[in-house]
file work.tsv (TSV, C-alpha atoms)
chain	number	residue	atom	x	y	z
A	1	MET	CA	-29.33	-157.60	-50.59
A	2	ARG	CA	-32.52	-159.43	-51.42
A	3	SER	CA	-33.21	-162.81	-49.84
A	4	ALA	CA	-32.48	-165.80	-52.08
A	5	PRO	CA	-36.13	-166.78	-52.74
A	6	ALA	CA	-37.12	-163.22	-53.67
A	7	ASP	CA	-34.04	-162.90	-55.85
A	8	LEU	CA	-34.82	-166.19	-57.61
A	9	PHE	CA	-38.42	-165.16	-58.16
A	10	LEU	CA	-37.56	-161.75	-59.62
A	11	THR	CA	-34.72	-162.99	-61.79
A	12	PHE	CA	-36.78	-165.78	-63.29
A	13	ALA	CA	-39.77	-163.47	-63.74
A	14	LYS	CA	-37.47	-161.27	-65.81
A	15	ILE	CA	-36.30	-164.28	-67.83
A	16	GLY	CA	-39.91	-165.37	-68.37
A	17	LEU	CA	-40.97	-161.90	-69.43
A	18	PHE	CA	-38.27	-161.37	-72.02
A	19	THR	CA	-38.11	-164.66	-73.85
A	20	PHE	CA	-40.35	-165.26	-76.78
A	21	GLY	CA	-40.78	-168.72	-78.22
A	22	GLY	CA	-39.52	-170.39	-75.05
A	23	GLY	CA	-37.23	-173.38	-75.10
A	24	TYR	CA	-33.76	-172.77	-76.40
A	25	ALA	CA	-34.51	-169.07	-76.94
A	26	MET	CA	-34.40	-168.80	-73.18
A	27	LEU	CA	-30.91	-170.21	-72.70
A	28	PRO	CA	-28.81	-167.14	-73.53
A	29	LEU	CA	-30.80	-165.09	-71.03
A	30	ILE	CA	-30.55	-167.79	-68.34
A	31	GLU	CA	-26.82	-167.93	-68.99
A	32	LYS	CA	-26.45	-164.17	-68.62
A	33	GLU	CA	-28.51	-163.97	-65.42
A	34	ALA	CA	-27.85	-167.23	-63.58
A	35	VAL	CA	-24.27	-167.89	-64.69
A	36	ASP	CA	-22.67	-164.48	-65.35
A	37	ASN	CA	-24.55	-162.10	-63.04
A	38	LYS	CA	-25.70	-164.17	-60.08
A	39	LYS	CA	-23.17	-167.00	-60.31
A	40	TRP	CA	-25.82	-169.46	-59.15
A	41	ILE	CA	-24.47	-172.20	-61.41
A	42	THR	CA	-21.47	-172.62	-63.73
A	43	GLY	CA	-21.65	-172.75	-67.52
A	44	ASN	CA	-20.97	-176.49	-67.41
A	45	GLU	CA	-23.79	-177.05	-64.96
A	46	LEU	CA	-26.12	-175.17	-67.31
A	47	LEU	CA	-25.15	-177.56	-70.11
A	48	ASP	CA	-25.94	-180.45	-67.75
A	49	VAL	CA	-29.32	-178.89	-67.03
A	50	VAL	CA	-30.03	-178.72	-70.76
A	51	ALA	CA	-28.98	-182.35	-71.23
A	52	ILE	CA	-31.27	-183.40	-68.37
A	53	ALA	CA	-34.11	-181.20	-69.60
A	54	GLU	CA	-34.02	-183.02	-72.92
A	55	SER	CA	-34.81	-186.35	-71.28
A	56	THR	CA	-37.26	-185.15	-68.63
A	57	PRO	CA	-40.85	-184.06	-69.16
A	58	GLY	CA	-41.85	-180.47	-69.63
A	59	PRO	CA	-40.55	-177.25	-71.10
A	60	ILE	CA	-36.81	-176.60	-70.84
A	61	ALA	CA	-37.43	-173.23	-69.14
A	62	ILE	CA	-39.37	-174.87	-66.31
A	63	ASN	CA	-36.74	-177.56	-65.89
A	64	ALA	CA	-33.93	-175.01	-65.71
A	65	ALA	CA	-35.81	-172.75	-63.27
A	66	THR	CA	-36.65	-175.65	-60.95
A	67	PHE	CA	-33.10	-177.01	-61.08
A	68	ILE	CA	-31.37	-173.69	-60.40
A	69	GLY	CA	-33.92	-172.71	-57.74
A	70	LYS	CA	-33.43	-176.01	-55.93
A	71	LYS	CA	-29.66	-175.65	-55.99
A	72	VAL	CA	-29.68	-172.09	-54.66
A	73	GLY	CA	-32.58	-172.16	-52.22
A	74	GLY	CA	-33.83	-175.72	-51.72
A	75	PHE	CA	-37.49	-176.54	-52.21
A	76	ILE	CA	-38.64	-172.96	-51.53
A	77	GLY	CA	-36.06	-171.72	-54.01
A	78	ALA	CA	-37.34	-174.15	-56.66
A	79	LEU	CA	-40.89	-173.03	-56.01
A	80	CYS	CA	-39.98	-169.32	-56.28
A	81	ALA	CA	-37.91	-169.70	-59.46
A	82	THR	CA	-40.57	-171.83	-61.18
A	83	THR	CA	-43.41	-169.51	-60.18
A	84	GLY	CA	-41.32	-166.59	-61.36
A	85	VAL	CA	-40.69	-168.01	-64.82
A	86	VAL	CA	-44.38	-168.91	-65.31
A	87	LEU	CA	-46.12	-165.85	-63.86
A	88	PRO	CA	-45.41	-163.19	-66.54
A	89	SER	CA	-46.71	-165.34	-69.39
A	90	PHE	CA	-49.68	-166.43	-67.28
A	91	ILE	CA	-50.77	-162.83	-66.73
A	92	ILE	CA	-50.13	-161.83	-70.34
A	93	ILE	CA	-52.01	-164.82	-71.79
A	94	VAL	CA	-55.02	-164.23	-69.53
A	95	ALA	CA	-55.11	-160.59	-70.63
A	96	VAL	CA	-54.70	-161.48	-74.31
A	97	SER	CA	-57.46	-164.10	-74.14
A	98	TYR	CA	-59.96	-161.52	-72.84
A	99	PHE	CA	-58.84	-159.05	-75.48
A	100	LEU	CA	-59.33	-161.61	-78.26
A	101	GLU	CA	-62.74	-162.59	-76.96
A	102	ALA	CA	-63.82	-158.97	-77.08
A	103	PHE	CA	-62.61	-158.41	-80.64
A	104	GLN	CA	-62.83	-161.78	-82.35
A	105	HIS	CA	-66.14	-160.97	-84.04
A	106	LEU	CA	-64.53	-158.12	-86.01
A	107	LYS	CA	-63.95	-158.93	-89.64
A	108	ILE	CA	-60.39	-157.64	-89.62
A	109	ILE	CA	-59.45	-159.87	-86.68
A	110	ARG	CA	-61.05	-162.90	-88.33
A	111	TYR	CA	-59.15	-162.26	-91.55
A	112	ALA	CA	-55.90	-161.73	-89.68
A	113	PHE	CA	-56.27	-165.05	-87.87
A	114	TRP	CA	-57.20	-166.79	-91.08
A	115	GLY	CA	-53.86	-165.67	-92.54
A	116	ILE	CA	-52.05	-166.44	-89.29
A	117	ARG	CA	-53.28	-170.04	-89.28
A	118	ALA	CA	-51.53	-170.74	-92.59
A	119	GLY	CA	-48.38	-169.06	-91.22
A	120	VAL	CA	-48.45	-171.10	-88.02
A	121	LEU	CA	-48.68	-174.35	-89.98
A	122	ALA	CA	-45.55	-173.20	-91.81
A	123	LEU	CA	-43.79	-172.49	-88.49
A	124	ILE	CA	-44.69	-175.97	-87.20
A	125	LEU	CA	-43.27	-177.47	-90.39
A	126	MET	CA	-40.08	-175.49	-89.80
A	127	ALA	CA	-39.81	-176.69	-86.19
A	128	LEU	CA	-40.38	-180.24	-87.38
A	129	TRP	CA	-37.61	-179.86	-89.94
A	130	SER	CA	-35.07	-178.63	-87.40
A	131	LEU	CA	-35.95	-181.51	-85.04
A	132	PHE	CA	-35.52	-183.91	-87.95
A	133	LYS	CA	-32.13	-182.43	-88.85
A	134	LYS	CA	-30.90	-182.90	-85.28
A	135	SER	CA	-32.09	-186.48	-85.04
A	136	ARG	CA	-29.99	-189.57	-85.53
A	137	LYS	CA	-29.59	-190.73	-89.14
A	138	ASP	CA	-30.16	-194.47	-89.06
A	139	ILE	CA	-32.79	-196.91	-90.20
A	140	PHE	CA	-33.98	-197.61	-86.64
A	141	THR	CA	-34.76	-193.92	-86.10
A	142	TYR	CA	-36.50	-193.49	-89.46
A	143	LEU	CA	-38.60	-196.62	-88.91
A	144	LEU	CA	-39.80	-195.38	-85.52
A	145	MET	CA	-40.66	-191.95	-86.99
A	146	ALA	CA	-42.70	-193.48	-89.81
A	147	ALA	CA	-44.39	-196.07	-87.59
A	148	SER	CA	-45.40	-193.42	-85.01
A	149	GLY	CA	-46.87	-191.11	-87.63
A	150	VAL	CA	-48.78	-193.92	-89.36
A	151	ALA	CA	-50.07	-195.33	-86.05
A	152	VAL	CA	-51.67	-192.00	-85.17
A	153	LEU	CA	-52.84	-190.89	-88.61
A	154	LEU	CA	-54.24	-194.14	-89.96
A	155	PHE	CA	-55.00	-196.19	-86.86
A	156	ASN	CA	-55.90	-193.45	-84.35
A	157	VAL	CA	-53.50	-194.81	-81.75
A	158	ASN	CA	-53.20	-192.59	-78.66
A	159	ALA	CA	-50.02	-190.44	-78.66
A	160	ILE	CA	-49.10	-191.45	-75.10
A	161	ILE	CA	-49.22	-195.12	-76.07
A	162	VAL	CA	-46.98	-194.42	-79.07
A	163	ILE	CA	-44.44	-192.56	-76.91
A	164	SER	CA	-44.44	-195.28	-74.24
A	165	VAL	CA	-44.07	-198.13	-76.74
A	166	CYS	CA	-41.20	-196.33	-78.51
A	167	ALA	CA	-39.44	-195.75	-75.17
A	168	VAL	CA	-39.62	-199.48	-74.47
A	169	ILE	CA	-38.41	-200.28	-78.00
A	170	GLY	CA	-35.49	-197.88	-77.47
A	171	ILE	CA	-34.51	-199.62	-74.23
A	172	ALA	CA	-34.92	-203.07	-75.80
A	173	ALA	CA	-32.80	-202.08	-78.82
A	174	LEU	CA	-30.08	-200.96	-76.43
A	175	LYS	CA	-30.16	-204.28	-74.57
A	176	VAL	CA	-30.23	-206.35	-77.77
A	177	GLY	CA	-27.92	-204.29	-79.95
A	178	GLY	CA	-25.63	-203.16	-77.16
A	179	LYS	CA	-23.37	-201.20	-79.48
A	180	ARG	CA	-25.82	-198.38	-80.16
A	181	GLU	CA	-24.59	-195.43	-78.13
B	1	MET	CA	-65.69	-181.28	-62.58
B	2	ILE	CA	-64.07	-179.04	-65.17
B	3	TYR	CA	-61.20	-177.76	-62.95
B	4	LEU	CA	-60.06	-181.23	-62.00
B	5	GLU	CA	-60.43	-182.35	-65.61
B	6	LEU	CA	-58.24	-179.46	-66.82
B	7	PHE	CA	-55.65	-180.12	-64.13
B	8	LEU	CA	-55.43	-183.87	-64.78
B	9	THR	CA	-55.43	-183.53	-68.57
B	10	PHE	CA	-52.64	-180.97	-68.56
B	11	PHE	CA	-50.72	-182.95	-65.94
B	12	LYS	CA	-50.82	-185.89	-68.34
B	13	ILE	CA	-49.75	-183.65	-71.22
B	14	GLY	CA	-46.90	-182.19	-69.14
B	15	LEU	CA	-45.75	-185.65	-68.10
B	16	PHE	CA	-45.51	-186.95	-71.66
B	17	THR	CA	-44.07	-183.82	-73.28
B	18	LEU	CA	-40.54	-185.06	-73.81
B	19	GLY	CA	-38.28	-182.90	-75.92
B	20	GLY	CA	-40.02	-179.61	-75.24
B	21	GLY	CA	-41.60	-177.08	-77.57
B	22	TYR	CA	-43.82	-178.58	-80.23
B	23	ALA	CA	-43.47	-182.05	-78.67
B	24	MET	CA	-46.66	-181.25	-76.80
B	25	LEU	CA	-48.62	-180.45	-79.97
B	26	PRO	CA	-49.75	-184.02	-80.78
B	27	LEU	CA	-50.85	-184.61	-77.18
B	28	ILE	CA	-52.64	-181.30	-76.91
B	29	SER	CA	-54.48	-181.58	-80.22
B	30	GLU	CA	-55.63	-185.08	-79.28
B	31	GLU	CA	-56.87	-184.07	-75.81
B	32	VAL	CA	-58.46	-180.80	-76.90
B	33	ALA	CA	-60.46	-182.57	-79.61
B	34	LEU	CA	-61.44	-185.33	-77.19
B	35	HIS	CA	-62.78	-182.91	-74.57
B	36	GLY	CA	-64.20	-180.49	-77.13
B	37	TRP	CA	-62.24	-177.59	-75.63
B	38	ALA	CA	-61.29	-176.07	-79.01
B	39	SER	CA	-61.64	-176.69	-82.73
B	40	ALA	CA	-58.60	-177.21	-84.95
B	41	GLU	CA	-58.87	-173.56	-86.05
B	42	GLU	CA	-59.03	-172.28	-82.48
B	43	LEU	CA	-56.09	-174.47	-81.49
B	44	ILE	CA	-53.95	-172.95	-84.25
B	45	ASN	CA	-55.06	-169.45	-83.19
B	46	PHE	CA	-53.91	-170.33	-79.64
B	47	ILE	CA	-50.57	-171.52	-81.00
B	48	ALA	CA	-50.13	-168.22	-82.84
B	49	VAL	CA	-50.82	-166.28	-79.65
B	50	SER	CA	-48.47	-168.52	-77.64
B	51	GLU	CA	-45.72	-167.99	-80.19
B	52	SER	CA	-46.08	-164.21	-80.10
B	53	THR	CA	-46.16	-163.78	-76.33
B	54	PRO	CA	-43.30	-164.28	-73.87
B	55	GLY	CA	-42.75	-167.50	-71.98
B	56	PRO	CA	-42.63	-171.23	-72.67
B	57	PHE	CA	-45.02	-172.39	-75.38
B	58	ALA	CA	-46.44	-175.27	-73.31
B	59	VAL	CA	-47.31	-173.00	-70.39
B	60	ASN	CA	-48.89	-170.37	-72.63
B	61	ILE	CA	-51.13	-172.81	-74.41
B	62	ALA	CA	-52.23	-174.43	-71.14
B	63	THR	CA	-53.11	-171.02	-69.69
B	64	PHE	CA	-54.98	-170.06	-72.84
B	65	ILE	CA	-57.07	-173.23	-73.07
B	66	GLY	CA	-57.74	-173.23	-69.32
B	67	ARG	CA	-58.87	-169.62	-69.43
B	68	THR	CA	-61.19	-169.95	-72.43
B	69	THR	CA	-62.67	-173.18	-71.06
B	70	ALA	CA	-63.21	-172.23	-67.41
B	71	GLY	CA	-62.07	-168.68	-66.68
B	72	ILE	CA	-59.11	-167.68	-64.51
B	73	PRO	CA	-59.49	-170.63	-62.10
B	74	GLY	CA	-59.41	-172.88	-65.17
B	75	ALA	CA	-56.24	-171.15	-66.37
B	76	LEU	CA	-54.64	-171.74	-62.94
B	77	CYS	CA	-55.56	-175.44	-62.91
B	78	ALA	CA	-54.32	-176.10	-66.46
B	79	THR	CA	-51.07	-174.19	-65.91
B	80	LEU	CA	-50.38	-175.88	-62.59
B	81	GLY	CA	-51.08	-179.23	-64.22
B	82	VAL	CA	-48.67	-178.72	-67.11
B	83	VAL	CA	-45.85	-177.40	-64.87
B	84	LEU	CA	-46.10	-179.85	-61.98
B	85	PRO	CA	-44.66	-183.00	-63.67
B	86	SER	CA	-41.43	-181.27	-64.70
B	87	PHE	CA	-41.18	-179.57	-61.30
B	88	ILE	CA	-41.47	-182.88	-59.46
B	89	VAL	CA	-39.19	-184.81	-61.80
B	90	ILE	CA	-36.44	-182.17	-61.63
B	91	LEU	CA	-36.62	-182.08	-57.82
B	92	ILE	CA	-36.06	-185.83	-57.79
B	93	VAL	CA	-33.45	-185.89	-60.55
B	94	SER	CA	-31.42	-182.94	-59.25
B	95	LYS	CA	-30.14	-185.12	-56.39
B	96	LEU	CA	-28.81	-187.88	-58.57
B	97	TYR	CA	-28.31	-186.04	-61.80
B	98	ASP	CA	-24.97	-187.52	-62.75
B	99	LYS	CA	-26.44	-190.98	-62.48
B	100	PHE	CA	-29.51	-189.90	-64.45
B	101	ARG	CA	-27.52	-188.27	-67.21
B	102	LYS	CA	-25.34	-191.34	-67.74
B	103	SER	CA	-28.14	-193.88	-67.29
B	104	LYS	CA	-28.26	-196.34	-70.18
B	105	ILE	CA	-31.99	-196.88	-69.60
B	106	VAL	CA	-32.74	-193.15	-69.97
B	107	GLN	CA	-30.55	-192.91	-73.06
B	108	GLY	CA	-32.18	-195.99	-74.58
B	109	ALA	CA	-35.68	-194.73	-73.85
B	110	MET	CA	-34.91	-191.33	-75.37
B	111	SER	CA	-33.47	-192.96	-78.49
B	112	GLY	CA	-36.96	-194.37	-79.02
B	113	VAL	CA	-38.95	-191.35	-77.83
B	114	LYS	CA	-37.20	-188.72	-79.97
B	115	PRO	CA	-38.11	-190.28	-83.32
B	116	ALA	CA	-41.62	-191.03	-82.02
B	117	VAL	CA	-42.11	-187.34	-81.19
B	118	ILE	CA	-41.04	-186.35	-84.71
B	119	GLY	CA	-43.50	-188.81	-86.25
B	120	LEU	CA	-46.25	-187.59	-83.94
B	121	ILE	CA	-45.67	-183.90	-84.72
B	122	ALA	CA	-45.72	-184.72	-88.44
B	123	ALA	CA	-49.03	-186.55	-87.99
B	124	ALA	CA	-50.51	-183.66	-85.99
B	125	LEU	CA	-49.36	-181.18	-88.63
B	126	ILE	CA	-50.99	-183.20	-91.41
B	127	SER	CA	-54.27	-183.58	-89.58
B	128	LEU	CA	-54.44	-179.93	-88.45
B	129	GLY	CA	-53.40	-178.76	-91.92
B	130	LYS	CA	-56.15	-180.80	-93.53
B	131	GLN	CA	-58.79	-179.37	-91.20
B	132	VAL	CA	-57.62	-175.77	-91.53
B	133	MET	CA	-56.73	-175.55	-95.21
B	134	PHE	CA	-59.30	-177.97	-96.64
B	135	PRO	CA	-62.37	-177.39	-94.47
B	136	ASP	CA	-64.67	-178.62	-97.25
B	137	GLY	CA	-62.87	-181.86	-97.99
B	138	TYR	CA	-61.00	-181.69	-101.27
B	139	PHE	CA	-63.08	-178.89	-102.73
B	140	VAL	CA	-60.54	-176.16	-103.54
B	141	SER	CA	-61.94	-172.68	-102.91
B	142	ALA	CA	-60.25	-169.32	-103.40
B	143	ALA	CA	-59.66	-169.28	-99.62
B	144	THR	CA	-57.81	-172.59	-99.83
B	145	ILE	CA	-55.56	-171.32	-102.61
B	146	VAL	CA	-54.70	-168.15	-100.67
B	147	SER	CA	-54.01	-170.22	-97.51
B	148	ILE	CA	-51.63	-172.43	-99.45
B	149	LEU	CA	-49.87	-169.40	-100.93
B	150	ILE	CA	-49.39	-167.84	-97.49
B	151	PHE	CA	-48.14	-171.21	-96.20
B	152	ILE	CA	-45.56	-171.50	-98.99
B	153	VAL	CA	-44.29	-167.93	-98.56
B	154	ILE	CA	-43.94	-168.36	-94.79
B	155	VAL	CA	-42.14	-171.69	-95.18
B	156	PHE	CA	-39.74	-169.97	-97.56
B	157	LEU	CA	-39.16	-167.07	-95.14
B	158	ALA	CA	-38.86	-169.43	-92.15
B	159	PHE	CA	-36.04	-171.26	-93.89
B	160	ARG	CA	-34.24	-167.94	-94.17
B	161	LYS	CA	-34.37	-167.76	-90.37
B	162	LYS	CA	-36.76	-164.85	-90.07
B	163	ASN	CA	-38.18	-164.10	-86.63
B	164	PRO	CA	-41.37	-166.16	-85.96
B	165	ILE	CA	-43.23	-163.15	-84.57
B	166	LEU	CA	-42.45	-161.20	-87.74
B	167	LEU	CA	-43.71	-164.15	-89.81
B	168	ILE	CA	-46.96	-164.28	-87.84
B	169	GLY	CA	-47.32	-160.54	-88.43
B	170	ILE	CA	-46.79	-160.99	-92.17
B	171	SER	CA	-49.38	-163.79	-92.30
B	172	ALA	CA	-51.87	-161.59	-90.43
B	173	VAL	CA	-51.44	-158.73	-92.91
B	174	ALA	CA	-51.69	-161.12	-95.86
B	175	GLY	CA	-54.85	-162.59	-94.33
B	176	ILE	CA	-56.43	-159.16	-93.91
B	177	PHE	CA	-55.66	-158.07	-97.49
B	178	ALA	CA	-56.73	-161.37	-99.04
B	179	GLY	CA	-59.80	-161.58	-96.82
B	180	TYR	CA	-61.13	-158.21	-97.99
B	181	ALA	CA	-60.05	-158.84	-101.58
B	182	ILE	CA	-61.90	-162.13	-102.02
B	183	GLY	CA	-64.63	-161.28	-99.51
B	184	LEU	CA	-64.64	-164.38	-97.30
call {"tool": "encode", "arguments": {"input": "work.tsv", "output": "structure tokens"}}
result
Amino acid sequence: MRSAPADLFLTFAKIGLFTFGGGYAMLPLIEKEAVDNKKWITGNELLDVVAIAESTPGPIAINAATFIGKKVGGFIGALCATTGVVLPSFIIIVAVSYFLEAFQHLKIIRYAFWGIRAGVLALILMALWSLFKKSRKDIFTYLLMAASGVAVLLFNVNAIIVISVCAVIGIAALKVGGKRE
Amino acid sequence: MIYLELFLTFFKIGLFTLGGGYAMLPLISEEVALHGWASAEELINFIAVSESTPGPFAVNIATFIGRTTAGIPGALCATLGVVLPSFIVILIVSKLYDKFRKSKIVQGAMSGVKPAVIGLIAAALISLGKQVMFPDGYFVSAATIVSILIFIVIVFLAFRKKNPILLIGISAVAGIFAGYAIGL
């Protein structure tokens, strides 16, 4: 049997290598490996991890790797799992960036990326739409959405300031309104 | 010093990326423009590469920008920076996670942050879209028309839940054909 840190590293490297798109795409694979195969956490704990990941900074995959690693192997475990989930994409991206640099002057590559840019804008719109669908449907939420967009687009307000102010407004609304869940 | 600058900037981005995925887009497009690390076009190219390679989007884009700005050490600094905030926060939260999950303060804050992130992504999309599709202001060239057509087709396909990598592939092929046809 492999030691826990090595096992965490290799398992999360596998998860990192085989999930495209990140985020929720990663969850089925984490469930299969960490819940079904290794029994590091239960299905309910994984749901808790997702709930926590949604209100903590950073990508869900990193949050889940750190959380599971910590639970199984303490700080070293967290370090191994997190390094494992990051390393495959790190190596691949470095390789791809050199490849692109070498070929970006070619006409065919320039044309391809010109088409791709329009496609990526469409994908961002799609992601935005699915976030919007999942969001709460009330006037408070819509007002904050509109105000944040306008603040950045028309008044060049820094995104971090917008996020911080809206967090404070959310807390204040909870204290004042009380009944909002 | 560029390494420290990359580390600190991506640490800040990692710390304020709440909600995952494209939540980091507004922050990253703001910072990248501020530091002159990439143009709007290059940023969208990076996003395409990050979408078509394995791993979390935020990590991929940090690695990519770090690498093109300051080589492999730059990639290491940017990636470490973007990962570290979530690593630290989860280590702290994992001890008291029941309390954290049920905390009214956290829930209240997130009820404000989630809509803000949606507004911010929309703003980033509009400003990137303007720069990429209308590079010459409101002068509409053949290239602009083709871009808009590709955009509409991909939106349509995306709503039918096609695989994003496939959609990026289709846009690339469309770009190649249109590029040679209208001779960009």
call {"tool": "atom_distance", "arguments": {"input": "work.tsv", "atom1": "atom CA of Arg117 of chain A", "atom2": "atom CA of Pro88 of chain A"}}
result
25.0 Å
call {"tool": "atom_distance", "arguments": {"input": "work.tsv", "atom1": "atom CA of Phe132 of chain A", "atom2": "atom CA of Phe11 of chain B"}}
result
26.8 Å
call {"tool": "closest_residue", "arguments": {"input": "work.tsv", "among": "A:Ala159, A:Gly16, A:Leu46, A:Tyr111", "to": "Ile62 of chain A", "atoms": "all atoms listed in the file"}}
result
A:Gly16
call {"tool": "closest_residue", "arguments": {"input": "work.tsv", "among": "A:Leu154, A:Met145, A:Leu8, A:Ile91", "to": "Lys70 of chain A", "atoms": "only C-alpha atoms"}}
result
A:Leu8
call {"tool": "closest_residue", "arguments": {"input": "work.tsv", "among": "A:Phe67, A:Ala78, A:His105, A:Lys14", "to": "Lys95 of chain B", "atoms": "all atoms listed in the file"}}
result
A:Phe67
call {"tool": "residues_near_point", "arguments": {"input": "work.tsv", "point": "(-56.3, -179.1, -66.7)", "cutoff": "8 Å", "atoms": "only C-alpha atoms", "output": "list of chain:residue names"}}
result
B:Ile2, B:Tyr3, B:Leu4, B:Glu5, B:Leu6, B:Phe7, B:Leu8, B:Thr9, B:Phe10, B:Phe11, B:Ala62, B:Gly66, B:Gly74, B:Ala75, B:Cys77, B:Ala78, B:Thr79, B:Leu80, B:Gly81, B:Val82
call {"tool": "atom_distance", "arguments": {"input": "work.tsv", "atom1": "atom CA of Gly71 of chain B", "atom2": "atom CA of Ser97 of chain A"}}
result
9.9 Å
call {"tool": "closest_residue", "arguments": {"input": "work.tsv", "among": "A:Ile124, A:Ala146, A:Ala53, A:Ala118", "to": "Leu18 of chain B", "atoms": "all atoms listed in the file"}}
result
A:Ala53
call {"tool": "closest_residue", "arguments": {"input": "work.tsv", "among": "B:Ile88, B:Ala181, B:Leu25, B:Leu15", "to": "chain A", "atoms": "all atoms listed in the file"}}
result
B:Leu15
call {"tool": "closest_residue", "arguments": {"input": "work.tsv", "among": "A:Val157, A:Ala34, A:Pro59, A:Phe75", "to": "chain B", "atoms": "only C-alpha atoms"}}
result
A:Pro59
call {"tool": "residues_near_point", "arguments": {"input": "work.tsv", "point": "(-31.1, -169.9, -70.2)", "cutoff": "10 Å", "atoms": "all atoms listed in the file", "output": "ChimeraX atom specification"}}
result
/A:12,15,19,22-35,46-47,49-50,60-61,64-65
call {"tool": "residues_around", "arguments": {"input": "work.tsv", "residues": "Ala33 of chain B", "least_positions_apart": "6", "cutoff": "12 Å", "atoms": "all atoms listed in the file", "output": "JSON, numbers by chain"}}
result
{"B": [26, 27, 39, 40, 41, 42, 43, 65, 124, 127, 128]}
call {"tool": "residues_around", "arguments": {"input": "work.tsv", "residues": "Ala151 of chain A", "least_positions_apart": "5", "cutoff": "12 Å", "atoms": "all atoms listed in the file", "output": "ChimeraX atom specification"}}
result
/A:143-146,156-163,165-166 /B:116,119-120,122-124
call {"tool": "axis_aligned_box", "arguments": {"input": "work.tsv", "around": "segment 76-87 of chain A", "padding_each_side": "4 Å", "output": "lines of an AutoDock Vina configuration file"}}
result
center_x = -41.1
center_y = -170.0
center_z = -58.4
size_x = 18.1
size_y = 16.3
size_z = 21.8
call {"tool": "residues_around", "arguments": {"input": "work.tsv", "residues": "Val176 of chain A", "least_positions_apart": "6", "cutoff": "12 Å", "atoms": "only C-alpha atoms", "output": "list in words"}}
result
Ile169 and Gly170 of chain A; Gly108 of chain B
call {"tool": "write_last_selection", "arguments": {"input": "work.tsv", "atoms": "C-alpha atoms", "output": "tab-separated table (two decimals), keeping the file's coordinate frame"}}
result
chain	number	residue	atom	x	y	z
A	169	ILE	CA	-38.41	-200.28	-78.00
A	170	GLY	CA	-35.49	-197.88	-77.47
B	108	GLY	CA	-32.18	-195.99	-74.58
call {"tool": "residues_around", "arguments": {"input": "work.tsv", "residues": "Ser86 of chain B", "least_positions_apart": "4", "cutoff": "6 Å", "atoms": "all atoms listed in the file", "output": "list in words"}}
result
Pro57 and Gly58 of chain A; Ile90 of chain B
call {"tool": "residues_around", "arguments": {"input": "work.tsv", "residues": "Val86 of chain A", "least_positions_apart": "4", "cutoff": "8 Å", "atoms": "all atoms listed in the file", "output": "ChimeraX atom specification"}}
result
/A:13,16,62,82,90 /B:55-56,59
